[in-house]
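Everything below belongs to run22.cif, which stores mmCIF, C-alpha atoms (C1' of nucleotides).
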```
data_protein
#
loop_
_atom_site.group_PDB
_atom_site.id
_atom_site.type_symbol
_atom_site.label_atom_id
_atom_site.label_comp_id
_atom_site.auth_asym_id
_atom_site.auth_seq_id
_atom_site.Cartn_x
_atom_site.Cartn_y
_atom_site.Cartn_z
ATOM 1 C CA MET F 1 -14.416 24.504 5.736
ATOM 2 C CA ALA F 2 -11.606 22.545 4.077
ATOM 3 C CA GLU F 3 -11.259 20.805 7.413
ATOM 4 C CA ARG F 4 -14.869 19.794 7.468
ATOM 5 C CA LEU F 5 -14.757 18.443 3.936
ATOM 6 C CA HIS F 6 -11.523 16.587 4.581
ATOM 7 C CA SER F 7 -12.854 15.024 7.725
ATOM 8 C CA ALA F 8 -16.151 14.015 6.112
ATOM 9 C CA ALA F 9 -14.351 12.455 3.138
ATOM 10 C CA ILE F 10 -12.123 10.413 5.451
ATOM 11 C CA HIS F 11 -15.102 9.343 7.470
ATOM 12 C CA VAL F 12 -17.128 8.231 4.460
ATOM 13 C CA LEU F 13 -14.308 6.273 2.827
ATOM 14 C CA ARG F 14 -13.142 4.660 6.032
ATOM 15 C CA TYR F 15 -16.636 3.445 6.619
ATOM 16 C CA ALA F 16 -17.177 2.312 3.026
ATOM 17 C CA ARG F 17 -13.877 0.437 2.972
ATOM 18 C CA GLN F 18 -15.318 -2.200 5.279
ATOM 19 C CA ALA F 19 -17.180 -3.516 2.248
ATOM 20 C CA ASP F 20 -13.925 -4.229 0.409
ATOM 21 C CA ARG F 21 -13.075 -7.144 2.678
ATOM 22 C CA VAL F 22 -15.519 -9.381 0.840
ATOM 23 C CA SER F 23 -13.849 -8.645 -2.477
ATOM 24 C CA ALA F 24 -11.022 -11.027 -3.362
ATOM 25 C CA ILE F 25 -9.264 -8.260 -5.225
ATOM 26 C CA GLY F 26 -6.877 -5.770 -3.596
ATOM 27 C CA PRO F 27 -7.628 -2.068 -3.203
ATOM 28 C CA ALA F 28 -5.137 -0.800 -5.776
ATOM 29 C CA GLN F 29 -6.399 -3.292 -8.319
ATOM 30 C CA LEU F 30 -9.990 -2.367 -7.598
ATOM 31 C CA SER F 31 -9.250 1.295 -8.024
ATOM 32 C CA ALA F 32 -7.446 0.796 -11.326
ATOM 33 C CA LEU F 33 -10.263 -1.418 -12.514
ATOM 34 C CA SER F 34 -12.784 1.282 -11.740
ATOM 35 C CA VAL F 35 -10.911 3.701 -13.971
ATOM 36 C CA LEU F 36 -10.970 1.165 -16.786
ATOM 37 C CA VAL F 37 -14.662 0.454 -16.328
ATOM 38 C CA TYR F 38 -15.786 4.057 -16.038
ATOM 39 C CA SER F 39 -13.365 5.829 -18.335
ATOM 40 C CA GLY F 40 -12.845 3.040 -20.854
ATOM 41 C CA PRO F 41 -9.677 1.324 -22.111
ATOM 42 C CA SER F 42 -6.375 3.011 -21.433
ATOM 43 C CA ASN F 43 -2.668 2.443 -21.759
ATOM 44 C CA LEU F 44 -0.423 1.954 -18.765
ATOM 45 C CA ARG F 45 0.919 5.453 -18.602
ATOM 46 C CA GLU F 46 -2.517 7.056 -18.539
ATOM 47 C CA LEU F 47 -3.653 4.562 -15.952
ATOM 48 C CA ALA F 48 -0.609 5.248 -13.779
ATOM 49 C CA ASP F 49 -1.240 8.978 -14.034
ATOM 50 C CA ALA F 50 -4.909 8.556 -13.191
ATOM 51 C CA GLU F 51 -4.012 6.521 -10.126
ATOM 52 C CA GLN F 52 -1.124 8.810 -9.141
ATOM 53 C CA VAL F 53 1.258 5.907 -9.193
ATOM 54 C CA ALA F 54 4.653 5.288 -10.832
ATOM 55 C CA PRO F 55 4.707 3.225 -14.038
ATOM 56 C CA PRO F 56 6.317 0.104 -12.526
ATOM 57 C CA THR F 57 3.609 -0.011 -9.891
ATOM 58 C CA MET F 58 0.936 0.031 -12.564
ATOM 59 C CA THR F 59 2.761 -2.690 -14.467
ATOM 60 C CA ARG F 60 2.343 -4.931 -11.427
ATOM 61 C CA ILE F 61 -1.244 -3.962 -10.719
ATOM 62 C CA VAL F 62 -2.215 -4.685 -14.307
ATOM 63 C CA ALA F 63 -0.282 -7.960 -14.264
ATOM 64 C CA ALA F 64 -2.231 -9.051 -11.185
ATOM 65 C CA LEU F 65 -5.549 -8.020 -12.731
ATOM 66 C CA ARG F 66 -4.638 -9.947 -15.830
ATOM 67 C CA ARG F 67 -3.726 -13.083 -13.884
ATOM 68 C CA GLY F 68 -7.145 -12.875 -12.253
ATOM 69 C CA GLY F 69 -8.870 -12.514 -15.620
ATOM 70 C CA TYR F 70 -10.231 -9.060 -14.803
ATOM 71 C CA VAL F 71 -8.611 -7.258 -17.728
ATOM 72 C CA ARG F 72 -7.295 -7.945 -21.211
ATOM 73 C CA LEU F 73 -4.262 -6.426 -22.900
ATOM 74 C CA LYS F 74 -4.169 -5.565 -26.564
ATOM 75 C CA ARG F 75 -1.508 -4.204 -28.804
ATOM 76 C CA CYS F 76 -1.895 -0.571 -29.691
ATOM 77 C CA PRO F 77 -2.351 -0.238 -33.456
ATOM 78 C CA ASP F 78 -0.584 3.106 -33.817
ATOM 79 C CA ASP F 79 2.274 2.567 -31.340
ATOM 80 C CA ALA F 80 4.096 -0.734 -31.133
ATOM 81 C CA ARG F 81 5.557 0.131 -27.719
ATOM 82 C CA ALA F 82 2.221 0.637 -26.009
ATOM 83 C CA ARG F 83 -0.442 -1.775 -24.785
ATOM 84 C CA VAL F 84 -4.099 -1.026 -24.305
ATOM 85 C CA VAL F 85 -5.659 -2.327 -21.107
ATOM 86 C CA GLU F 86 -9.347 -3.098 -21.187
ATOM 87 C CA ALA F 87 -11.743 -4.407 -18.526
ATOM 88 C CA ALA F 88 -12.964 -7.955 -19.180
ATOM 89 C CA ALA F 89 -16.522 -9.033 -18.379
ATOM 90 C CA LYS F 90 -15.303 -10.617 -15.148
ATOM 91 C CA GLY F 91 -13.666 -7.324 -14.210
ATOM 92 C CA VAL F 92 -16.822 -5.332 -14.811
ATOM 93 C CA ALA F 93 -18.810 -7.783 -12.716
ATOM 94 C CA ALA F 94 -16.294 -7.754 -9.857
ATOM 95 C CA LEU F 95 -16.210 -3.979 -9.847
ATOM 96 C CA GLU F 96 -19.958 -3.597 -9.849
ATOM 97 C CA LYS F 97 -20.263 -6.002 -6.978
ATOM 98 C CA ALA F 98 -17.621 -4.262 -4.864
ATOM 99 C CA ARG F 99 -19.022 -0.868 -5.716
ATOM 100 C CA GLY F 100 -22.531 -1.989 -4.841
ATOM 101 C CA ALA F 101 -21.381 -3.184 -1.426
ATOM 102 C CA ARG F 102 -19.742 0.161 -0.742
ATOM 103 C CA LEU F 103 -22.771 2.122 -1.880
ATOM 104 C CA ASP F 104 -25.047 -0.018 0.275
ATOM 105 C CA LEU F 105 -23.001 0.891 3.316
ATOM 106 C CA ILE F 106 -23.097 4.576 2.471
ATOM 107 C CA ASP F 107 -26.806 4.363 1.837
ATOM 108 C CA GLY F 108 -27.260 2.884 5.283
ATOM 109 C CA MET F 109 -25.219 5.696 6.745
ATOM 110 C CA LEU F 110 -27.308 8.325 5.006
ATOM 111 C CA SER F 111 -30.567 6.650 5.932
ATOM 112 C CA ARG F 112 -29.829 7.440 9.563
ATOM 113 C CA CYS F 113 -29.861 11.158 8.777
ATOM 114 C CA ALA F 114 -32.765 13.500 8.219
ATOM 115 C CA PRO F 115 -33.894 13.246 4.568
ATOM 116 C CA ALA F 116 -33.896 17.008 4.237
ATOM 117 C CA ASP F 117 -30.237 17.153 5.258
ATOM 118 C CA VAL F 118 -29.348 14.438 2.793
ATOM 119 C CA ALA F 119 -31.152 16.262 0.016
ATOM 120 C CA LEU F 120 -29.298 19.432 0.906
ATOM 121 C CA LEU F 121 -25.991 17.578 0.799
ATOM 122 C CA GLY F 122 -26.875 16.225 -2.625
ATOM 123 C CA LYS F 123 -27.536 19.681 -3.941
ATOM 124 C CA ALA F 124 -24.327 21.052 -2.464
ATOM 125 C CA LEU F 125 -22.205 18.219 -3.839
ATOM 126 C CA ALA F 126 -23.745 18.619 -7.270
ATOM 127 C CA ALA F 127 -22.850 22.292 -7.217
ATOM 128 C CA VAL F 128 -19.277 21.872 -5.990
ATOM 129 C CA PHE F 129 -18.366 18.665 -7.877
ATOM 130 C CA PRO F 130 -20.312 19.028 -11.098
ATOM 131 C CA GLN F 131 -18.466 16.223 -12.891
ATOM 132 C CA ALA F 132 -19.465 13.622 -10.328
ATOM 133 C CA PRO F 133 -21.280 10.742 -12.025
ATOM 134 C CA MET C 134 -26.993 10.061 -3.672
ATOM 135 C CA ALA C 135 -24.638 7.542 -2.022
ATOM 136 C CA GLU C 136 -22.899 7.466 -5.379
ATOM 137 C CA ARG C 137 -22.411 11.190 -5.416
ATOM 138 C CA LEU C 138 -21.029 11.250 -1.892
ATOM 139 C CA HIS C 139 -18.722 8.316 -2.570
ATOM 140 C CA SER C 140 -17.398 9.872 -5.720
ATOM 141 C CA ALA C 141 -16.859 13.264 -4.100
ATOM 142 C CA ALA C 142 -15.032 11.710 -1.153
ATOM 143 C CA ILE C 143 -12.715 9.803 -3.483
ATOM 144 C CA HIS C 144 -12.097 12.914 -5.497
ATOM 145 C CA VAL C 145 -11.267 15.062 -2.472
ATOM 146 C CA LEU C 146 -8.906 12.553 -0.863
ATOM 147 C CA ARG C 147 -7.176 11.649 -4.093
ATOM 148 C CA TYR C 148 -6.467 15.295 -4.667
ATOM 149 C CA ALA C 149 -5.400 15.946 -1.069
ATOM 150 C CA ARG C 150 -3.077 12.946 -1.057
ATOM 151 C CA GLN C 151 -0.704 14.792 -3.380
ATOM 152 C CA ALA C 152 0.343 16.787 -0.337
ATOM 153 C CA ASP C 153 1.558 13.678 1.464
ATOM 154 C CA ARG C 154 4.519 13.278 -0.843
ATOM 155 C CA VAL C 155 6.390 16.004 1.004
ATOM 156 C CA SER C 156 5.958 14.218 4.306
ATOM 157 C CA ALA C 157 8.709 11.745 5.148
ATOM 158 C CA ILE C 158 6.243 9.608 7.008
ATOM 159 C CA GLY C 159 4.086 6.937 5.350
ATOM 160 C CA PRO C 160 0.308 7.131 5.017
ATOM 161 C CA ALA C 161 -0.548 4.435 7.568
ATOM 162 C CA GLN C 162 1.773 6.017 10.104
ATOM 163 C CA LEU C 163 0.329 9.445 9.449
ATOM 164 C CA SER C 164 -3.184 8.168 9.895
ATOM 165 C CA ALA C 165 -2.395 6.413 13.172
ATOM 166 C CA LEU C 166 -0.602 9.520 14.370
ATOM 167 C CA SER C 167 -3.643 11.627 13.666
ATOM 168 C CA VAL C 168 -5.732 9.373 15.895
ATOM 169 C CA LEU C 169 -3.196 9.791 18.674
ATOM 170 C CA VAL C 170 -3.032 13.542 18.279
ATOM 171 C CA TYR C 171 -6.764 14.135 18.044
ATOM 172 C CA SER C 172 -8.133 11.444 20.329
ATOM 173 C CA GLY C 173 -5.268 11.315 22.791
ATOM 174 C CA PRO C 174 -3.108 8.421 23.992
ATOM 175 C CA SER C 175 -4.289 4.914 23.287
ATOM 176 C CA ASN C 176 -3.183 1.327 23.555
ATOM 177 C CA LEU C 177 -2.391 -0.779 20.526
ATOM 178 C CA ARG C 178 -5.670 -2.636 20.385
ATOM 179 C CA GLU C 179 -7.756 0.532 20.388
ATOM 180 C CA LEU C 180 -5.487 2.048 17.782
ATOM 181 C CA ALA C 181 -5.756 -1.027 15.580
ATOM 182 C CA ASP C 182 -9.539 -0.957 15.872
ATOM 183 C CA ALA C 183 -9.654 2.745 15.091
ATOM 184 C CA GLU C 184 -7.562 2.200 11.983
ATOM 185 C CA GLN C 185 -9.417 -0.982 10.990
ATOM 186 C CA VAL C 186 -6.184 -2.908 10.974
ATOM 187 C CA ALA C 187 -5.062 -6.192 12.545
ATOM 188 C CA PRO C 188 -2.953 -5.985 15.719
ATOM 189 C CA PRO C 189 0.344 -7.113 14.142
ATOM 190 C CA THR C 190 0.011 -4.381 11.552
ATOM 191 C CA MET C 191 -0.394 -1.786 14.267
ATOM 192 C CA THR C 192 2.600 -3.209 16.108
ATOM 193 C CA ARG C 193 4.711 -2.435 13.047
ATOM 194 C CA ILE C 194 3.218 0.989 12.422
ATOM 195 C CA VAL C 195 3.846 2.006 16.019
ATOM 196 C CA ALA C 196 7.365 0.565 15.914
ATOM 197 C CA ALA C 197 8.104 2.693 12.844
ATOM 198 C CA LEU C 198 6.622 5.803 14.454
ATOM 199 C CA ARG C 199 8.710 5.145 17.520
ATOM 200 C CA ARG C 200 11.914 4.721 15.521
ATOM 201 C CA GLY C 201 11.182 8.098 13.948
ATOM 202 C CA GLY C 202 10.626 9.727 17.344
ATOM 203 C CA TYR C 203 7.013 10.586 16.592
ATOM 204 C CA VAL C 204 5.492 8.679 19.500
ATOM 205 C CA ARG C 205 6.442 7.441 22.960
ATOM 206 C CA LEU C 206 5.379 4.200 24.615
ATOM 207 C CA LYS C 207 4.602 3.949 28.301
ATOM 208 C CA ARG C 208 3.688 1.086 30.524
ATOM 209 C CA CYS C 209 0.056 0.927 31.455
ATOM 210 C CA PRO C 210 -0.264 1.291 35.227
ATOM 211 C CA ASP C 211 -3.293 -0.980 35.605
ATOM 212 C CA ASP C 212 -2.361 -3.676 33.069
ATOM 213 C CA ALA C 213 1.167 -4.962 32.769
ATOM 214 C CA ARG C 214 0.470 -6.507 29.359
ATOM 215 C CA ALA C 215 -0.574 -3.286 27.715
ATOM 216 C CA ARG C 216 1.396 -0.274 26.475
ATOM 217 C CA VAL C 217 0.080 3.212 26.070
ATOM 218 C CA VAL C 218 1.090 5.003 22.885
ATOM 219 C CA GLU C 219 1.305 8.762 23.003
ATOM 220 C CA ALA C 220 2.215 11.344 20.364
ATOM 221 C CA ALA C 221 5.545 13.071 20.998
ATOM 222 C CA ALA C 222 6.095 16.755 20.245
ATOM 223 C CA LYS C 223 7.802 15.811 16.990
ATOM 224 C CA GLY C 224 4.778 13.735 16.055
ATOM 225 C CA VAL C 225 2.348 16.556 16.720
ATOM 226 C CA ALA C 226 4.459 18.905 14.622
ATOM 227 C CA ALA C 227 4.758 16.438 11.737
ATOM 228 C CA LEU C 228 1.046 15.795 11.751
ATOM 229 C CA GLU C 229 0.134 19.457 11.804
ATOM 230 C CA LYS C 230 2.443 20.127 8.916
ATOM 231 C CA ALA C 231 1.070 17.286 6.790
ATOM 232 C CA ARG C 232 -2.483 18.162 7.671
ATOM 233 C CA GLY C 233 -1.884 21.807 6.831
ATOM 234 C CA ALA C 234 -0.560 20.875 3.404
ATOM 235 C CA ARG C 235 -3.641 18.773 2.711
ATOM 236 C CA LEU C 236 -5.997 21.482 3.888
ATOM 237 C CA ASP C 237 -4.219 24.052 1.747
ATOM 238 C CA LEU C 238 -4.847 21.916 -1.312
ATOM 239 C CA ILE C 239 -8.506 21.482 -0.444
ATOM 240 C CA ASP C 240 -8.804 25.197 0.218
ATOM 241 C CA GLY C 241 -7.435 25.853 -3.234
ATOM 242 C CA MET C 242 -9.920 23.437 -4.699
ATOM 243 C CA LEU C 243 -12.813 25.132 -2.949
ATOM 244 C CA SER C 244 -11.629 28.596 -3.848
ATOM 245 C CA ARG C 245 -12.310 27.773 -7.483
ATOM 246 C CA CYS C 246 -15.996 27.264 -6.704
ATOM 247 C CA ALA C 247 -18.726 29.807 -6.123
ATOM 248 C CA PRO C 248 -18.614 30.919 -2.477
ATOM 249 C CA ALA C 249 -22.336 30.384 -2.124
ATOM 250 C CA ASP C 250 -21.953 26.743 -3.168
ATOM 251 C CA VAL C 251 -19.124 26.254 -0.715
ATOM 252 C CA ALA C 252 -21.182 27.758 2.080
ATOM 253 C CA LEU C 253 -24.059 25.470 1.188
ATOM 254 C CA LEU C 254 -21.754 22.469 1.277
ATOM 255 C CA GLY C 255 -20.511 23.510 4.699
ATOM 256 C CA LYS C 256 -24.035 23.687 6.018
ATOM 257 C CA ALA C 257 -24.942 20.315 4.542
ATOM 258 C CA LEU C 258 -21.819 18.617 5.895
ATOM 259 C CA ALA C 259 -22.419 20.055 9.339
ATOM 260 C CA ALA C 260 -25.923 18.644 9.293
ATOM 261 C CA VAL C 261 -25.009 15.191 8.036
ATOM 262 C CA PHE C 262 -21.694 14.736 9.911
ATOM 263 C CA PRO C 263 -22.304 16.575 13.159
ATOM 264 C CA GLN C 264 -19.245 15.176 14.922
ATOM 265 C CA ALA C 265 -16.859 16.548 12.327
ATOM 266 C CA PRO C 266 -14.255 18.751 14.018
ATOM 267 C "C1'" DC B 267 -4.836 -22.976 41.649
ATOM 268 C "C1'" DC B 268 -5.995 -23.695 37.346
ATOM 269 C "C1'" DA B 269 -8.642 -22.569 32.994
ATOM 270 C "C1'" DT B 270 -9.623 -19.262 29.912
ATOM 271 C "C1'" DA B 271 -9.400 -14.747 27.965
ATOM 272 C "C1'" DT B 272 -6.843 -10.709 26.506
ATOM 273 C "C1'" DA B 273 -2.583 -7.550 25.040
ATOM 274 C "C1'" DG B 274 0.914 -7.673 22.304
ATOM 275 C "C1'" DT B 275 4.728 -9.731 19.477
ATOM 276 C "C1'" DT B 276 7.098 -12.763 16.074
ATOM 277 C "C1'" DA B 277 7.329 -15.212 11.744
ATOM 278 C "C1'" DG B 278 6.260 -15.512 7.250
ATOM 279 C "C1'" DC B 279 3.449 -14.460 3.447
ATOM 280 C "C1'" DT B 280 1.149 -10.964 -0.165
ATOM 281 C "C1'" DT B 281 0.186 -6.438 -2.124
ATOM 282 C "C1'" DA B 282 1.492 -1.960 -3.185
ATOM 283 C "C1'" DG B 283 4.507 1.751 -3.388
ATOM 284 C "C1'" DC B 284 9.240 3.709 -4.924
ATOM 285 C "C1'" DT B 285 13.870 4.573 -7.828
ATOM 286 C "C1'" DA B 286 17.330 3.112 -11.067
ATOM 287 C "C1'" DA B 287 18.438 0.929 -15.015
ATOM 288 C "C1'" DC B 288 17.113 -1.407 -19.015
ATOM 289 C "C1'" DT B 289 14.712 -2.633 -23.937
ATOM 290 C "C1'" DA B 290 12.167 -1.311 -27.703
ATOM 291 C "C1'" DT B 291 9.951 1.855 -30.549
ATOM 292 C "C1'" DA B 292 8.930 6.861 -32.176
ATOM 293 C "C1'" DT B 293 10.288 11.109 -33.636
ATOM 294 C "C1'" DG B 294 12.889 15.009 -34.961
ATOM 295 C "C1'" DT B 295 17.375 16.891 -36.977
ATOM 296 C "C1'" DT B 296 20.663 17.047 -39.692
ATOM 297 C "C1'" DA T 297 19.354 7.767 -44.344
ATOM 298 C "C1'" DA T 298 21.532 8.148 -39.777
ATOM 299 C "C1'" DC T 299 21.664 9.416 -35.521
ATOM 300 C "C1'" DA T 300 20.090 11.715 -31.185
ATOM 301 C "C1'" DT T 301 16.604 12.095 -28.123
ATOM 302 C "C1'" DA T 302 12.209 11.136 -26.183
ATOM 303 C "C1'" DT T 303 8.628 7.948 -24.757
ATOM 304 C "C1'" DA T 304 6.170 3.210 -23.373
ATOM 305 C "C1'" DG T 305 6.854 -0.301 -20.680
ATOM 306 C "C1'" DT T 306 9.493 -3.794 -17.962
ATOM 307 C "C1'" DT T 307 12.859 -5.748 -14.629
ATOM 308 C "C1'" DA T 308 15.337 -5.697 -10.319
ATOM 309 C "C1'" DG T 309 15.523 -4.683 -5.804
ATOM 310 C "C1'" DC T 310 14.165 -2.075 -1.927
ATOM 311 C "C1'" DT T 311 10.472 -0.446 1.821
ATOM 312 C "C1'" DA T 312 5.818 0.057 3.841
ATOM 313 C "C1'" DA T 313 1.623 -1.930 4.898
ATOM 314 C "C1'" DG T 314 -1.687 -5.451 5.020
ATOM 315 C "C1'" DC T 315 -2.929 -10.432 6.552
ATOM 316 C "C1'" DT T 316 -3.081 -15.188 9.387
ATOM 317 C "C1'" DA T 317 -1.065 -18.450 12.558
ATOM 318 C "C1'" DA T 318 1.326 -19.258 16.463
ATOM 319 C "C1'" DC T 319 3.534 -17.637 20.449
ATOM 320 C "C1'" DT T 320 4.481 -15.118 25.378
ATOM 321 C "C1'" DA T 321 2.893 -12.823 29.212
ATOM 322 C "C1'" DT T 322 -0.487 -11.150 32.169
ATOM 323 C "C1'" DA T 323 -5.552 -10.900 33.912
ATOM 324 C "C1'" DT T 324 -9.510 -12.826 35.593
ATOM 325 C "C1'" DG T 325 -13.107 -16.020 36.951
ATOM 326 C "C1'" DG T 326 -14.383 -20.471 39.018
#
```

What does the file become when written as structure tokens?
Amino acid sequence: MAERLHSAAIHVLRYARQADRVSAIGPAQLSALSVLVYSGPSNLRELADAEQVAPPTMTRIVAALRRGGYVRLKRCPDDARARVVEAAAKGVAALEKARGARLDLIDGMLSRCAPADVALLGKALAAVFPQAP
Amino acid sequence: MAERLHSAAIHVLRYARQADRVSAIGPAQLSALSVLVYSGPSNLRELADAEQVAPPTMTRIVAALRRGGYVRLKRCPDDARARVVEAAAKGVAALEKARGARLDLIDGMLSRCAPADVALLGKALAAVFPQAP
DNA sequence: CCATATAGTTAGCTTAGCTAACTATATGTT
DNA sequence: AACATATAGTTAGCTAAGCTAACTATATGG
């Protein structure tokens, strides 16, 4: 069962990743950006934890996003050491576009299956991953 | 629906990836190795296509796997340009270990859900991804 | 026999990951 | 208040993993 889920997850993401080639932004940057867009502003440490990455790695990812104009950094009012990273409008737009391309691919994949099976999968996923957006 | 599947796949693999930290071998190498172990020997071009990677990248991944003793290279009998890459015993063992660690994590994740939901998910996955091992 | 295609490699770049060591600011204890 | 310790982030320097362009060597088709 774990095997089946693992294999399906790999299959879905491998297929969806094809869409990322159109995006000018790298995969780690895109992933960090999606956290910022969907979970709101964050400091570097939280972002690094969310992405399962060491702090220096997140420093670089955020620096690259900033150079591209995808995020803004602000000073944290209650801690002078920390910065708050926030998605800029350009970042939100880039993320939505990349995400849309991925979802289109997955939609195409699902459209080649029986609708009843897809509906069943939806129900099962909702039950097992209740927090899924 | 595509959204739900995408999100669940990300969630599962992000969680499972924690297990990879124990493995000495990098993620790209592990992934290529799994193709070799489960689909059998292959030449570089096929492997690069399977991994959605450019040929020079696969040259390096295979070189690293070879240095580690995880794969062997043979000459191709019917094409002197090509090499056949084959998993060595050490490679099979390393892959099984890494894979086992990932599956254990996913098992743990699923064990915290209602068994009926998990069974439903299994049925749905089998219907939508019939080729899944 | 030559032209073209294909398998793979080399060179050189970027991104993304790490650890170790550092600066600067908070915080808790005397 | 002073100092010790903890925490936020950065810098430096390494490796792995991705790419394109340009190359070598072998197949293959005319």

Counting all atoms listed in the file, the residue of F:Ser111, F:Ser23, F:Gln131, F:Ser34 that sits nearest Ala135 of chain C: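 Looking at the shortest contact to Ala135 of chain C, the residue is F:Ser111.
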
Over all C-alpha atoms paired in order - RMSD of chain C on chain F: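 Computed on C-alpha atoms only, the RMSD stands at 0.1 Å.
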
10 Å contacts from chain C to chain B using all atoms listed in the file, as number ranges by chain: C: 176-178, 188-189, 192-193, 212-216

Report as a tab-separated table the residues of segment 1-85 of chain F within 12 Å of segment 309-325 of chain T, each with its shortest atom pair and distance in Å (one decimal), using all atoms listed in the file, ordered by chain and increasing residue number.
```
residue	atom	partner	partner_atom	distance
F:Arg21	CA	T:DC315	C1'	11.3
F:Gly26	CA	T:DG314	C1'	10.1
F:Pro27	CA	T:DG314	C1'	10.7
```

Output the selection as a PDB file, in the coordinates of the input - C-alpha atoms for each residue.
```pdb
ATOM      1  CA  ARG F  21     -13.075  -7.144   2.678  1.00  0.00           C
ATOM      2  CA  GLY F  26      -6.877  -5.770  -3.596  1.00  0.00           C
ATOM      3  CA  PRO F  27      -7.628  -2.068  -3.203  1.00  0.00           C
TER       4      PRO F  27
END
```

Selection under test: the PyMOL selection byres ((chain T) within 10 of (chain F)); residues as a ChimeraX atom specification: /T:303-307

Nearby residues (only C-alpha atoms (C1' of nucleotides)) at most 6 Å from segment 219-230 of chain C, same-chain spacing under 2 positions excluded, as a list in words: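 My reading of the contact set: Leu169, Pro174, Tyr203, Val204, Arg205, Arg232 and Gly233 of chain C.
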
Matched chain/residue IDs from the PyMOL selection byres ((chain F) within 10 of (chain C)), as a VMD selection string: chain F and resid 1 to 18 50 to 52 99 to 100 102 to 133

Atom-to-atom span, atom CA of Ser39 of chain F and atom CA of Val22 of chain F, Å: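 Between atom CA of Ser39 of chain F and atom CA of Val22 of chain F the gap is 24.6 Å.
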
Coordinates of box centre and edge lengths for segment 275-283 of chain B, 4 Å on every side, axis-aligned, as AutoDock Vina command-line options:
```
--center_x 3.8 --center_y -6.9 --center_z 8.0 --size_x 15.1 --size_y 25.3 --size_z 30.9
```
